[in-house]
Amino acid sequence: MKVIIIGGVAGGATAAARLRRLDERLDIVLLERGGYLSYANCGLPYYIGGVITEREELFRQSVEGFSSKYKVDSRVYSEVIAINPDKKQVKIKDLQKEEEYTESYDKLLISTGAFPIRLPIPGIENERIFTLRDVCDTDQIKDFICKNKPKKALVVGAGFIGLEMVENLHKLGLNVSIVQREDQVMLPLDPGMAAIVHQTLEENQILVYLENEVKEFKTEGERFLVHLKKGEILETDLVIMSVGVRPEVNLAKDAGLKIGELGGIEVNKYLQTSDQDIYAVGDAVEVTNLVTKKQALIALAGPANKQGRIVADNIVLGNQSQYKGSIGTSIAQVFDRVVAVAGSSSKVLNAEKIAHYQLYFHGQCHAEYYPNALPVTVKLNFSKDKGTILGAQVIGTRGITDTINLFAEAIRKEDTIYDLQEIEHAYAPPFSSAKHIVNIAGYIGENILTGRVKVIQWHELTQENPEGLYIIDVRPLFRYEESHVKGAHHIPVENLREHLLDIPKDKKVVLYCDVGYNAYLGTQILRNNGFDNVYNLSGGYRVYTTATKDYFK
Ligand code: FAD
């Protein structure tokens with residue numbers, strides 16, 4: 001059997017290696033338009049920023065090494081320009097020799113990835129505007145920086161890759177700004193969590209133009225100017241466009257394969273396209289979002305690699321392995337913070353009309369008494385009916401991967417907040433706490449689900465009519481005096497019992513402390529003394545102040 005694979009990086013190279021491990025006799029042809037196979041595209045921003053110092057580090061496998069190790073006929077600089085499903089042939093252009101030829105296949109795998117969007121903005125063809133997808137783009141950016149020694153950079157689009165570029169350009173000493181169309185960076189985060197990233201960016205002197213767009217790029221003599229929709233004119237030396245990616249599906253479309261509504265190749269659970277001899281994986285395909293059960297485009301390395309392996313199994317062993325879907329688990333470093341998400345944000349859940357509770361929670365990366373315990377902020381979304389975990393967002397400095405991965409597994413398995421309580425983890429003081437963050441999130445979730453605690457979110461508090469509210473700051477006096485929620489009364493948690501007669505029963509009573517725990521104690525004191533309409537401000541004053549602050553002014 002002869003298998004042709006189009007695309008030789010994450011999904012394609014994984015499939016090729018697995019195919020060979022399963023069957024020594026297969027004829028495997030790997031066709032890659034670029035000059036490299038199976039390289040570390042996720043490492044490209046860090047090579048640009050000089051964190052990865054040697055270019056060779058990006059290439060864990062040479063073309064020759066990969067080809068001989070796996071007995072794969074790997075052809076780089078070979079672009080597939082057409083697929084003929086009827087004849088089971090692909091047409092290939094040898095980009096070095098400028099020659100075209102055809103190859104036949106028994107099974108074909110499309111792993112062509114996704115390309116960065118270049119918005120049709122006047123002046124977009126300027127040579128100082130870059131996108132980042134592959135080694136060639138990386139070399140161009142690196143080369144431009146070496147030759148021109150830019151002092152300023154503008155990143156358009158503040159997703160994960162955009163922010164990685166911000167950090168790496170900043171590391172090189174550039175003065176970096178961001179333009180973002182929405183009112184927050186990192187769209188998979190809910191606004192209260194995105195505010196922590198805003199704070200981090202501000203701390204690092206990154207200016208972000210939110211709810212703004214580029215209208216035009218212009219050169220005036222030596223000056224390169226970026227005109228924004230709201231009227232600002234920014235002078236910069238280089239621009240990185242990082243406004244998202246689109247599945248690379250032209251080949252599939254021209255071959256008559258079904259394309260989904262989101263623009264990705266349609267595949268079944270075996271990752272077969274509408275032609276049973278053609279499979280597709282990675283950024284180019286649509287998959288099921290396991291939370292919303294809707295189609296989704298998930299451009300991440302983990303899913304692409306897993307899908308590559310599944311397709312190899314299905315080609316050699318017959319359709320046995322299924323790809324069930326993804327929850328978009330991802331993580332990024334933004335200066336000294338680590339930002340991770342899994343599952344759906346509250347924004348998405350609201351749009352999908354999935355009834356859910358939200359909770360914010362602050363923990364520590366390890367036992368509080370052990371030196372250098374650093375804060376971790378968690379946002380959890382769970383269903384109102386059974387408490388099924390629907391989404392988790394975690395921001396901190398250390399231990400974030402561990403926490404998001406536990407949440408991710410819970411989301412994937414449709415676990416509830418009760419299951420979170422049972423997760424058994426490894427504990428010693430330098431690494432975690434006797435109760436892991438996910439356990440505590442489960443306990444808080446249970447209190448909310450069972451009605452033991454009512455929570456109010458920071459944005460709900462800002463929207464409430466102050467007339468109907470009685471807000472109590474239960475923190476120590478000096479904290480209250482430093483700053484507090486407008487209109488809040490000060491009653492420390494220890495003194496609440498003495499002030500029961502001062503607290504109205506006909507108003508919505510909202511308690512808050514710094515992180516949520518003391519206010520929780522306060523809500524229980526009031527509850528046990530006959531108050532029904534009592535709420536804890538979720539995530540406490542810490543979330544409230546971070547989320548309501550106006551950054552980048
Ligand atoms: P790719 O790995 O992109 O491979 C597609 C290949 O197909 C390309 O090399 C392309 O040249 C080739 N190709 C396309 N068309 C043709 C054709 N007609 N003929 C021949 N060859 C063709 N994901 C994460 O999970 N974590 C990260 O930290 C992360 N960081 C990233 C940083 C950057 C800068 C980028 C660009 C991506 C990052 N990603 C990250 C995303 C991740 O790299 C992709 O999700 C993953 O590589 C997708 O795998 P794929 O096989 O679908 O496509």
# chains A, B, ... in the order shown; residues from 1 in each chain; ligands from 1
>>> residues_near_ligand(ligand="ligand 1", cutoff="7 Å", atoms="only C-alpha atoms and all ligand atoms", output="JSON list (two decimals) with all heavy atoms, in the first residue's frame")
[["chain", "number", "residue", "atom", "x", "y", "z"],
["A", 6, "ILE", "N", 0.47, 14.93, 2.81],
["A", 6, "ILE", "CA", 0.75, 16.32, 2.41],
["A", 6, "ILE", "C", 0.94, 17.15, 3.68],
["A", 6, "ILE", "O", 0.01, 17.28, 4.48],
["A", 6, "ILE", "CB", -0.41, 16.92, 1.58],
["A", 6, "ILE", "CG1", -0.83, 15.96, 0.47],
["A", 6, "ILE", "CG2", 0.00, 18.28, 1.01],
["A", 6, "ILE", "CD1", -2.08, 16.43, -0.30],
["A", 7, "GLY", "N", 2.14, 17.68, 3.85],
["A", 7, "GLY", "CA", 2.44, 18.47, 5.05],
["A", 7, "GLY", "C", 3.30, 17.67, 6.00],
["A", 7, "GLY", "O", 2.87, 16.60, 6.47],
["A", 8, "GLY", "N", 4.51, 18.17, 6.30],
["A", 8, "GLY", "CA", 5.47, 17.34, 7.05],
["A", 8, "GLY", "C", 5.84, 17.89, 8.41],
["A", 8, "GLY", "O", 6.97, 17.70, 8.86],
["A", 9, "VAL", "N", 4.88, 18.57, 9.08],
["A", 9, "VAL", "CA", 5.25, 19.06, 10.41],
["A", 9, "VAL", "C", 4.45, 18.29, 11.48],
["A", 9, "VAL", "O", 4.63, 17.08, 11.58],
["A", 9, "VAL", "CB", 5.10, 20.60, 10.50],
["A", 9, "VAL", "CG1", 5.69, 21.13, 11.81],
["A", 9, "VAL", "CG2", 5.88, 21.25, 9.34],
["A", 10, "ALA", "N", 3.56, 18.95, 12.22],
["A", 10, "ALA", "CA", 2.98, 18.27, 13.40],
["A", 10, "ALA", "C", 2.20, 17.00, 13.04],
["A", 10, "ALA", "O", 2.60, 15.89, 13.37],
["A", 10, "ALA", "CB", 2.12, 19.25, 14.17],
["A", 11, "GLY", "N", 1.07, 17.17, 12.35],
["A", 11, "GLY", "CA", 0.21, 16.02, 12.06],
["A", 11, "GLY", "C", 0.85, 15.07, 11.05],
["A", 11, "GLY", "O", 0.84, 13.84, 11.24],
["A", 12, "GLY", "N", 1.43, 15.63, 9.99],
["A", 12, "GLY", "CA", 1.97, 14.82, 8.90],
["A", 12, "GLY", "C", 3.15, 13.96, 9.33],
["A", 12, "GLY", "O", 3.19, 12.75, 9.06],
["A", 31, "LEU", "N", 5.24, 14.80, 1.57],
["A", 31, "LEU", "CA", 5.47, 15.96, 0.69],
["A", 31, "LEU", "C", 5.34, 17.25, 1.48],
["A", 31, "LEU", "O", 4.30, 17.50, 2.10],
["A", 31, "LEU", "CB", 4.45, 15.94, -0.45],
["A", 31, "LEU", "CG", 4.49, 14.68, -1.31],
["A", 31, "LEU", "CD1", 3.25, 14.59, -2.19],
["A", 31, "LEU", "CD2", 5.76, 14.65, -2.16],
["A", 32, "GLU", "N", 6.39, 18.03, 1.51],
["A", 32, "GLU", "CA", 6.39, 19.26, 2.30],
["A", 32, "GLU", "C", 6.83, 20.43, 1.42],
["A", 32, "GLU", "O", 7.87, 20.38, 0.78],
["A", 32, "GLU", "CB", 7.32, 19.10, 3.52],
["A", 32, "GLU", "CG", 7.63, 20.37, 4.27],
["A", 32, "GLU", "CD", 6.42, 21.16, 4.74],
["A", 32, "GLU", "OE1", 5.52, 20.59, 5.36],
["A", 32, "GLU", "OE2", 6.39, 22.40, 4.46],
["A", 33, "ARG", "N", 6.01, 21.46, 1.42],
["A", 33, "ARG", "CA", 6.28, 22.65, 0.61],
["A", 33, "ARG", "C", 7.53, 23.40, 1.09],
["A", 33, "ARG", "O", 8.32, 23.90, 0.29],
["A", 33, "ARG", "CB", 5.06, 23.58, 0.71],
["A", 33, "ARG", "CG", 5.10, 24.79, -0.14],
["A", 33, "ARG", "CD", 3.77, 25.51, -0.10],
["A", 33, "ARG", "NE", 3.37, 25.79, 1.28],
["A", 33, "ARG", "CZ", 2.13, 26.08, 1.65],
["A", 33, "ARG", "NH1", 1.16, 26.14, 0.76],
["A", 33, "ARG", "NH2", 1.84, 26.33, 2.90],
["A", 34, "GLY", "N", 7.71, 23.46, 2.39],
["A", 34, "GLY", "CA", 8.87, 24.15, 2.95],
["A", 34, "GLY", "C", 10.12, 23.27, 2.93],
["A", 34, "GLY", "O", 10.11, 22.17, 2.35],
["A", 41, "ASN", "N", 7.60, 24.42, 15.48],
["A", 41, "ASN", "CA", 7.04, 25.74, 15.15],
["A", 41, "ASN", "C", 6.58, 26.49, 16.40],
["A", 41, "ASN", "O", 6.58, 27.71, 16.42],
["A", 41, "ASN", "CB", 5.95, 25.70, 14.06],
["A", 41, "ASN", "CG", 4.96, 24.60, 14.25],
["A", 41, "ASN", "OD1", 4.99, 23.92, 15.26],
["A", 41, "ASN", "ND2", 4.08, 24.40, 13.28],
["A", 42, "CYS", "N", 6.25, 25.75, 17.45],
["A", 42, "CYS", "CA", 5.84, 26.43, 18.69],
["A", 42, "CYS", "C", 7.01, 27.18, 19.32],
["A", 42, "CYS", "O", 6.82, 28.06, 20.15],
["A", 42, "CYS", "CB", 5.28, 25.41, 19.69],
["A", 42, "CYS", "SG", 3.92, 24.46, 18.99],
["A", 43, "GLY", "N", 8.23, 26.82, 18.92],
["A", 43, "GLY", "CA", 9.41, 27.48, 19.50],
["A", 43, "GLY", "C", 9.85, 28.71, 18.72],
["A", 43, "GLY", "O", 10.76, 29.43, 19.17],
["A", 44, "LEU", "N", 9.20, 28.99, 17.59],
["A", 44, "LEU", "CA", 9.68, 30.08, 16.72],
["A", 44, "LEU", "C", 9.74, 31.44, 17.43],
["A", 44, "LEU", "O", 10.75, 32.15, 17.31],
["A", 44, "LEU", "CB", 8.83, 30.17, 15.45],
["A", 44, "LEU", "CG", 8.84, 28.91, 14.56],
["A", 44, "LEU", "CD1", 7.91, 29.08, 13.36],
["A", 44, "LEU", "CD2", 10.25, 28.57, 14.10],
["A", 45, "PRO", "N", 8.70, 31.85, 18.20],
["A", 45, "PRO", "CA", 8.79, 33.16, 18.86],
["A", 45, "PRO", "C", 9.99, 33.25, 19.81],
["A", 45, "PRO", "O", 10.61, 34.30, 19.95],
["A", 45, "PRO", "CB", 7.48, 33.26, 19.66],
["A", 45, "PRO", "CG", 6.53, 32.33, 18.95],
["A", 45, "PRO", "CD", 7.39, 31.21, 18.44],
["A", 78, "SER", "N", 8.45, 20.55, -1.99],
["A", 78, "SER", "CA", 7.55, 19.84, -2.91],
["A", 78, "SER", "C", 6.12, 20.20, -2.55],
["A", 78, "SER", "O", 5.59, 19.74, -1.53],
["A", 78, "SER", "CB", 7.73, 18.32, -2.77],
["A", 78, "SER", "OG", 9.06, 17.98, -3.10],
["A", 79, "GLU", "N", 5.52, 21.03, -3.38],
["A", 79, "GLU", "CA", 4.16, 21.49, -3.09],
["A", 79, "GLU", "C", 3.15, 20.67, -3.87],
["A", 79, "GLU", "O", 3.26, 20.53, -5.10],
["A", 79, "GLU", "CB", 4.04, 22.97, -3.48],
["A", 79, "GLU", "CG", 2.65, 23.50, -3.19],
["A", 79, "GLU", "CD", 2.53, 24.99, -3.39],
["A", 79, "GLU", "OE1", 3.45, 25.60, -3.97],
["A", 79, "GLU", "OE2", 1.51, 25.54, -2.96],
["A", 80, "VAL", "N", 2.16, 20.17, -3.17],
["A", 80, "VAL", "CA", 1.07, 19.50, -3.87],
["A", 80, "VAL", "C", 0.15, 20.59, -4.41],
["A", 80, "VAL", "O", -0.30, 21.46, -3.67],
["A", 80, "VAL", "CB", 0.30, 18.55, -2.92],
["A", 80, "VAL", "CG1", -0.91, 17.95, -3.62],
["A", 80, "VAL", "CG2", 1.23, 17.47, -2.41],
["A", 81, "ILE", "N", -0.06, 20.56, -5.74],
["A", 81, "ILE", "CA", -0.87, 21.64, -6.32],
["A", 81, "ILE", "C", -2.26, 21.15, -6.74],
["A", 81, "ILE", "O", -3.13, 21.97, -7.06],
["A", 81, "ILE", "CB", -0.15, 22.34, -7.50],
["A", 81, "ILE", "CG1", 0.36, 21.31, -8.50],
["A", 81, "ILE", "CG2", 1.01, 23.18, -6.98],
["A", 81, "ILE", "CD1", 0.99, 21.96, -9.75],
["A", 111, "SER", "N", -2.45, 17.17, 5.78],
["A", 111, "SER", "CA", -2.10, 17.83, 7.06],
["A", 111, "SER", "C", -1.44, 19.16, 6.71],
["A", 111, "SER", "O", -0.27, 19.41, 7.02],
["A", 111, "SER", "CB", -1.17, 16.94, 7.88],
["A", 111, "SER", "OG", -0.95, 17.52, 9.14],
["A", 112, "THR", "N", -2.22, 19.99, 6.03],
["A", 112, "THR", "CA", -1.66, 21.22, 5.45],
["A", 112, "THR", "C", -1.70, 22.41, 6.42],
["A", 112, "THR", "O", -1.24, 23.50, 6.07],
["A", 112, "THR", "CB", -2.42, 21.58, 4.16],
["A", 112, "THR", "OG1", -3.83, 21.45, 4.42],
["A", 112, "THR", "CG2", -2.04, 20.68, 3.01],
["A", 113, "GLY", "N", -2.26, 22.23, 7.60],
["A", 113, "GLY", "CA", -2.20, 23.28, 8.60],
["A", 113, "GLY", "C", -3.10, 24.47, 8.31],
["A", 113, "GLY", "O", -4.13, 24.37, 7.64],
["A", 114, "ALA", "N", -2.70, 25.61, 8.85],
["A", 114, "ALA", "CA", -3.48, 26.84, 8.70],
["A", 114, "ALA", "C", -2.53, 27.99, 8.43],
["A", 114, "ALA", "O", -1.38, 27.97, 8.87],
["A", 114, "ALA", "CB", -4.26, 27.11, 9.99],
["A", 132, "LEU", "N", 3.79, 35.24, 11.23],
["A", 132, "LEU", "CA", 4.68, 34.18, 11.69],
["A", 132, "LEU", "C", 3.98, 32.84, 11.62],
["A", 132, "LEU", "O", 3.04, 32.58, 12.36],
["A", 132, "LEU", "CB", 5.12, 34.46, 13.14],
["A", 132, "LEU", "CG", 6.01, 33.39, 13.77],
["A", 132, "LEU", "CD1", 7.30, 33.21, 12.99],
["A", 132, "LEU", "CD2", 6.30, 33.72, 15.23],
["A", 133, "ARG", "N", 4.47, 32.02, 10.69],
["A", 133, "ARG", "CA", 3.93, 30.66, 10.61],
["A", 133, "ARG", "C", 5.06, 29.63, 10.62],
["A", 133, "ARG", "O", 4.96, 28.60, 11.26],
["A", 133, "ARG", "CB", 3.11, 30.49, 9.33],
["A", 133, "ARG", "CG", 2.65, 29.05, 9.17],
["A", 133, "ARG", "CD", 1.91, 28.79, 7.92],
["A", 133, "ARG", "NE", 1.41, 27.43, 7.90],
["A", 133, "ARG", "CZ", 0.70, 26.92, 6.93],
["A", 133, "ARG", "NH1", 0.36, 27.66, 5.90],
["A", 133, "ARG", "NH2", 0.28, 25.67, 7.00],
["A", 134, "ASP", "N", 6.13, 29.92, 9.85],
["A", 134, "ASP", "CA", 7.13, 28.88, 9.66],
["A", 134, "ASP", "C", 8.55, 29.42, 9.75],
["A", 134, "ASP", "O", 8.76, 30.59, 10.07],
["A", 134, "ASP", "CB", 6.88, 28.18, 8.31],
["A", 134, "ASP", "CG", 6.80, 29.19, 7.16],
["A", 134, "ASP", "OD1", 7.38, 30.28, 7.29],
["A", 134, "ASP", "OD2", 6.14, 28.88, 6.15],
["A", 161, "ILE", "N", -0.19, 33.56, 20.27],
["A", 161, "ILE", "CA", 1.06, 33.75, 19.50],
["A", 161, "ILE", "C", 1.44, 35.24, 19.49],
["A", 161, "ILE", "O", 2.60, 35.60, 19.63],
["A", 161, "ILE", "CB", 0.92, 33.20, 18.07],
["A", 161, "ILE", "CG1", 0.71, 31.67, 18.13],
["A", 161, "ILE", "CG2", 2.14, 33.51, 17.22],
["A", 161, "ILE", "CD1", 0.46, 31.01, 16.80],
["A", 248, "GLU", "N", -5.88, 25.75, 5.86],
["A", 248, "GLU", "CA", -5.37, 25.75, 4.49],
["A", 248, "GLU", "C", -6.10, 24.62, 3.74],
["A", 248, "GLU", "O", -5.71, 23.46, 3.82],
["A", 248, "GLU", "CB", -3.86, 25.54, 4.51],
["A", 248, "GLU", "CG", -3.26, 25.58, 3.14],
["A", 248, "GLU", "CD", -1.90, 26.28, 3.09],
["A", 248, "GLU", "OE1", -1.44, 26.85, 4.09],
["A", 248, "GLU", "OE2", -1.31, 26.24, 2.01],
["A", 251, "LEU", "N", -6.62, 22.95, -1.55],
["A", 251, "LEU", "CA", -6.43, 21.66, -2.26],
["A", 251, "LEU", "C", -7.67, 20.78, -2.07],
["A", 251, "LEU", "O", -8.19, 20.19, -3.03],
["A", 251, "LEU", "CB", -5.27, 20.91, -1.64],
["A", 251, "LEU", "CG", -3.84, 21.23, -2.07],
["A", 251, "LEU", "CD1", -2.90, 20.37, -1.26],
["A", 251, "LEU", "CD2", -3.68, 20.97, -3.56],
["A", 281, "VAL", "N", -6.13, 15.92, 9.01],
["A", 281, "VAL", "CA", -5.89, 16.17, 10.45],
["A", 281, "VAL", "C", -5.41, 17.60, 10.68],
["A", 281, "VAL", "O", -5.07, 18.32, 9.74],
["A", 281, "VAL", "CB", -4.80, 15.21, 11.01],
["A", 281, "VAL", "CG1", -5.22, 13.77, 10.95],
["A", 281, "VAL", "CG2", -3.46, 15.42, 10.30],
["A", 282, "GLY", "N", -5.34, 17.96, 11.94],
["A", 282, "GLY", "CA", -4.65, 19.18, 12.37],
["A", 282, "GLY", "C", -5.45, 20.45, 12.17],
["A", 282, "GLY", "O", -6.68, 20.47, 12.19],
["A", 283, "ASP", "N", -4.71, 21.53, 11.97],
["A", 283, "ASP", "CA", -5.33, 22.86, 11.87],
["A", 283, "ASP", "C", -6.29, 22.97, 10.69],
["A", 283, "ASP", "O", -7.11, 23.89, 10.66],
["A", 283, "ASP", "CB", -4.24, 23.94, 11.69],
["A", 283, "ASP", "CG", -3.37, 24.11, 12.92],
["A", 283, "ASP", "OD1", -3.60, 23.39, 13.91],
["A", 283, "ASP", "OD2", -2.47, 24.96, 12.88],
["A", 284, "ALA", "N", -6.16, 22.07, 9.73],
["A", 284, "ALA", "CA", -6.98, 22.18, 8.52],
["A", 284, "ALA", "C", -8.39, 21.60, 8.69],
["A", 284, "ALA", "O", -9.24, 21.80, 7.83],
["A", 284, "ALA", "CB", -6.28, 21.46, 7.35],
["A", 299, "ALA", "N", -6.62, 25.15, 16.50],
["A", 299, "ALA", "CA", -5.27, 25.16, 15.92],
["A", 299, "ALA", "C", -4.23, 24.98, 17.01],
["A", 299, "ALA", "O", -3.63, 25.93, 17.49],
["A", 299, "ALA", "CB", -5.06, 26.47, 15.16],
["A", 300, "LEU", "N", -4.04, 23.75, 17.42],
["A", 300, "LEU", "CA", -3.09, 23.45, 18.49],
["A", 300, "LEU", "C", -2.28, 22.20, 18.14],
["A", 300, "LEU", "O", -2.79, 21.28, 17.47],
["A", 300, "LEU", "CB", -3.83, 23.21, 19.81],
["A", 300, "LEU", "CG", -4.45, 24.45, 20.47],
["A", 300, "LEU", "CD1", -5.36, 24.05, 21.61],
["A", 300, "LEU", "CD2", -3.37, 25.40, 20.96],
["A", 301, "ALA", "N", -1.05, 22.17, 18.65],
["A", 301, "ALA", "CA", -0.15, 21.08, 18.30],
["A", 301, "ALA", "C", -0.59, 19.73, 18.87],
["A", 301, "ALA", "O", -0.46, 18.69, 18.21],
["A", 301, "ALA", "CB", 1.26, 21.42, 18.80],
["A", 302, "GLY", "N", -1.11, 19.73, 20.10],
["A", 302, "GLY", "CA", -1.51, 18.46, 20.73],
["A", 302, "GLY", "C", -2.53, 17.71, 19.91],
["A", 302, "GLY", "O", -2.33, 16.54, 19.55],
["A", 304, "ALA", "N", -3.26, 18.02, 16.77],
["A", 304, "ALA", "CA", -2.70, 17.63, 15.46],
["A", 304, "ALA", "C", -1.86, 16.37, 15.59],
["A", 304, "ALA", "O", -1.96, 15.43, 14.77],
["A", 304, "ALA", "CB", -1.86, 18.78, 14.89],
["A", 330, "SER", "N", -4.92, 24.97, 26.35],
["A", 330, "SER", "CA", -3.71, 25.67, 25.88],
["A", 330, "SER", "C", -3.10, 26.49, 27.00],
["A", 330, "SER", "O", -3.74, 26.77, 28.02],
["A", 330, "SER", "CB", -4.06, 26.55, 24.69],
["A", 330, "SER", "OG", -5.21, 27.32, 24.96],
["A", 332, "ALA", "N", 0.15, 29.63, 27.75],
["A", 332, "ALA", "CA", 1.15, 30.55, 27.19],
["A", 332, "ALA", "C", 1.81, 31.32, 28.32],
["A", 332, "ALA", "O", 1.21, 31.56, 29.37],
["A", 332, "ALA", "CB", 0.49, 31.53, 26.22]]
>>> residues_around(residues="Lys549 (chain A)", least_positions_apart="3", cutoff="12 Å", atoms="only C-alpha atoms", output="ChimeraX atom specification")
/A:191-192,194-196,198-199,202,458-459,541-546,552-553
>>> select_by_dssp(residues="region 259-468 of chain A", states="alpha helix (DSSP H)", output="PyMOL selection string")
chain A and resi 301-317+346-351+400-412+417-422+437-449+458-463
>>> closest_residue(among="A:Phe431, A:Tyr270, A:Phe361, A:Phe531", to="Asn319 (chain A)", atoms="only C-alpha atoms")
A:Tyr270
>>> atom_distance(atom1="CA of Tyr101 (chain A)", atom2="CA of Ala312 (chain A)")
25.5 Å
>>> closest_atom_pairs(of="region 399-507 of chain A", to="region 516-530 of chain A", cutoff="9 Å", atoms="only C-alpha atoms", output="CSV")
residue,atom,partner,partner_atom,distance
A:Arg452,CA,A:Gln524,CA,8.1
A:Val453,CA,A:Thr523,CA,7.2
A:Lys454,CA,A:Thr523,CA,8.6
A:Ile472,CA,A:Ala519,CA,8.8
A:Asp473,CA,A:Ala519,CA,8.2
A:Val474,CA,A:Ala519,CA,6.4
A:Arg475,CA,A:Asn518,CA,7.8
A:Pro492,CA,A:Gly522,CA,9.0
A:Val493,CA,A:Gly522,CA,5.8
A:Glu494,CA,A:Gly522,CA,8.5
A:Leu496,CA,A:Gly522,CA,7.1
A:Arg497,CA,A:Ile525,CA,7.2
A:Leu500,CA,A:Leu526,CA,7.7
A:Lys505,CA,A:Gly530,CA,8.8
>>> decode(residues="region 316-364 of chain A", atoms="C-alpha atoms", output="PDB file, in the first residue's frame")
ATOM      1  CA  VAL A 316      -2.962   0.286   8.688  1.00  0.00           C
ATOM      2  CA  LEU A 317      -5.420  -1.457  11.015  1.00  0.00           C
ATOM      3  CA  GLY A 318      -8.714  -0.368   9.464  1.00  0.00           C
ATOM      4  CA  ASN A 319     -10.902   2.307  11.016  1.00  0.00           C
ATOM      5  CA  GLN A 320     -10.597   1.522  14.716  1.00  0.00           C
ATOM      6  CA  SER A 321      -9.355   4.665  16.386  1.00  0.00           C
ATOM      7  CA  GLN A 322     -11.647   7.613  16.846  1.00  0.00           C
ATOM      8  CA  TYR A 323     -10.959  11.256  17.503  1.00  0.00           C
ATOM      9  CA  LYS A 324     -13.663  12.331  19.902  1.00  0.00           C
ATOM     10  CA  GLY A 325     -13.004  16.053  19.854  1.00  0.00           C
ATOM     11  CA  SER A 326     -11.143  18.765  21.664  1.00  0.00           C
ATOM     12  CA  ILE A 327     -11.618  21.293  24.448  1.00  0.00           C
ATOM     13  CA  GLY A 328      -8.857  23.664  23.301  1.00  0.00           C
ATOM     14  CA  THR A 329      -6.529  23.171  26.244  1.00  0.00           C
ATOM     15  CA  SER A 330      -3.715  25.672  25.883  1.00  0.00           C
ATOM     16  CA  ILE A 331      -1.095  27.569  27.820  1.00  0.00           C
ATOM     17  CA  ALA A 332       1.150  30.555  27.193  1.00  0.00           C
ATOM     18  CA  GLN A 333       3.752  32.551  29.009  1.00  0.00           C
ATOM     19  CA  VAL A 334       3.097  36.275  29.190  1.00  0.00           C
ATOM     20  CA  PHE A 335       6.132  37.856  30.859  1.00  0.00           C
ATOM     21  CA  ASP A 336       6.216  36.528  34.436  1.00  0.00           C
ATOM     22  CA  ARG A 337       2.721  35.045  34.271  1.00  0.00           C
ATOM     23  CA  VAL A 338       1.510  31.762  32.886  1.00  0.00           C
ATOM     24  CA  VAL A 339      -1.955  31.805  31.349  1.00  0.00           C
ATOM     25  CA  ALA A 340      -3.826  28.567  30.706  1.00  0.00           C
ATOM     26  CA  VAL A 341      -7.310  27.641  29.535  1.00  0.00           C
ATOM     27  CA  ALA A 342      -9.358  24.515  28.924  1.00  0.00           C
ATOM     28  CA  GLY A 343     -12.961  24.215  27.839  1.00  0.00           C
ATOM     29  CA  SER A 344     -15.332  27.102  27.298  1.00  0.00           C
ATOM     30  CA  SER A 345     -15.401  30.632  28.580  1.00  0.00           C
ATOM     31  CA  SER A 346     -18.521  32.101  30.091  1.00  0.00           C
ATOM     32  CA  LYS A 347     -18.880  34.252  26.965  1.00  0.00           C
ATOM     33  CA  VAL A 348     -19.089  31.144  24.789  1.00  0.00           C
ATOM     34  CA  LEU A 349     -21.409  29.351  27.220  1.00  0.00           C
ATOM     35  CA  ASN A 350     -23.744  32.352  27.297  1.00  0.00           C
ATOM     36  CA  ALA A 351     -23.754  32.503  23.507  1.00  0.00           C
ATOM     37  CA  GLU A 352     -24.613  28.795  23.446  1.00  0.00           C
ATOM     38  CA  LYS A 353     -27.255  29.328  26.147  1.00  0.00           C
ATOM     39  CA  ILE A 354     -25.614  26.797  28.441  1.00  0.00           C
ATOM     40  CA  ALA A 355     -26.709  27.661  31.987  1.00  0.00           C
ATOM     41  CA  HIS A 356     -23.695  27.762  34.250  1.00  0.00           C
ATOM     42  CA  TYR A 357     -22.209  29.088  37.481  1.00  0.00           C
ATOM     43  CA  GLN A 358     -18.936  30.940  37.586  1.00  0.00           C
ATOM     44  CA  LEU A 359     -16.441  31.011  40.398  1.00  0.00           C
ATOM     45  CA  TYR A 360     -13.181  32.828  40.910  1.00  0.00           C
ATOM     46  CA  PHE A 361     -10.751  31.456  43.402  1.00  0.00           C
ATOM     47  CA  HIS A 362      -7.218  32.282  44.581  1.00  0.00           C
ATOM     48  CA  GLY A 363      -4.788  29.622  45.682  1.00  0.00           C
ATOM     49  CA  GLN A 364      -1.040  29.205  46.036  1.00  0.00           C
TER      50      GLN A 364
END
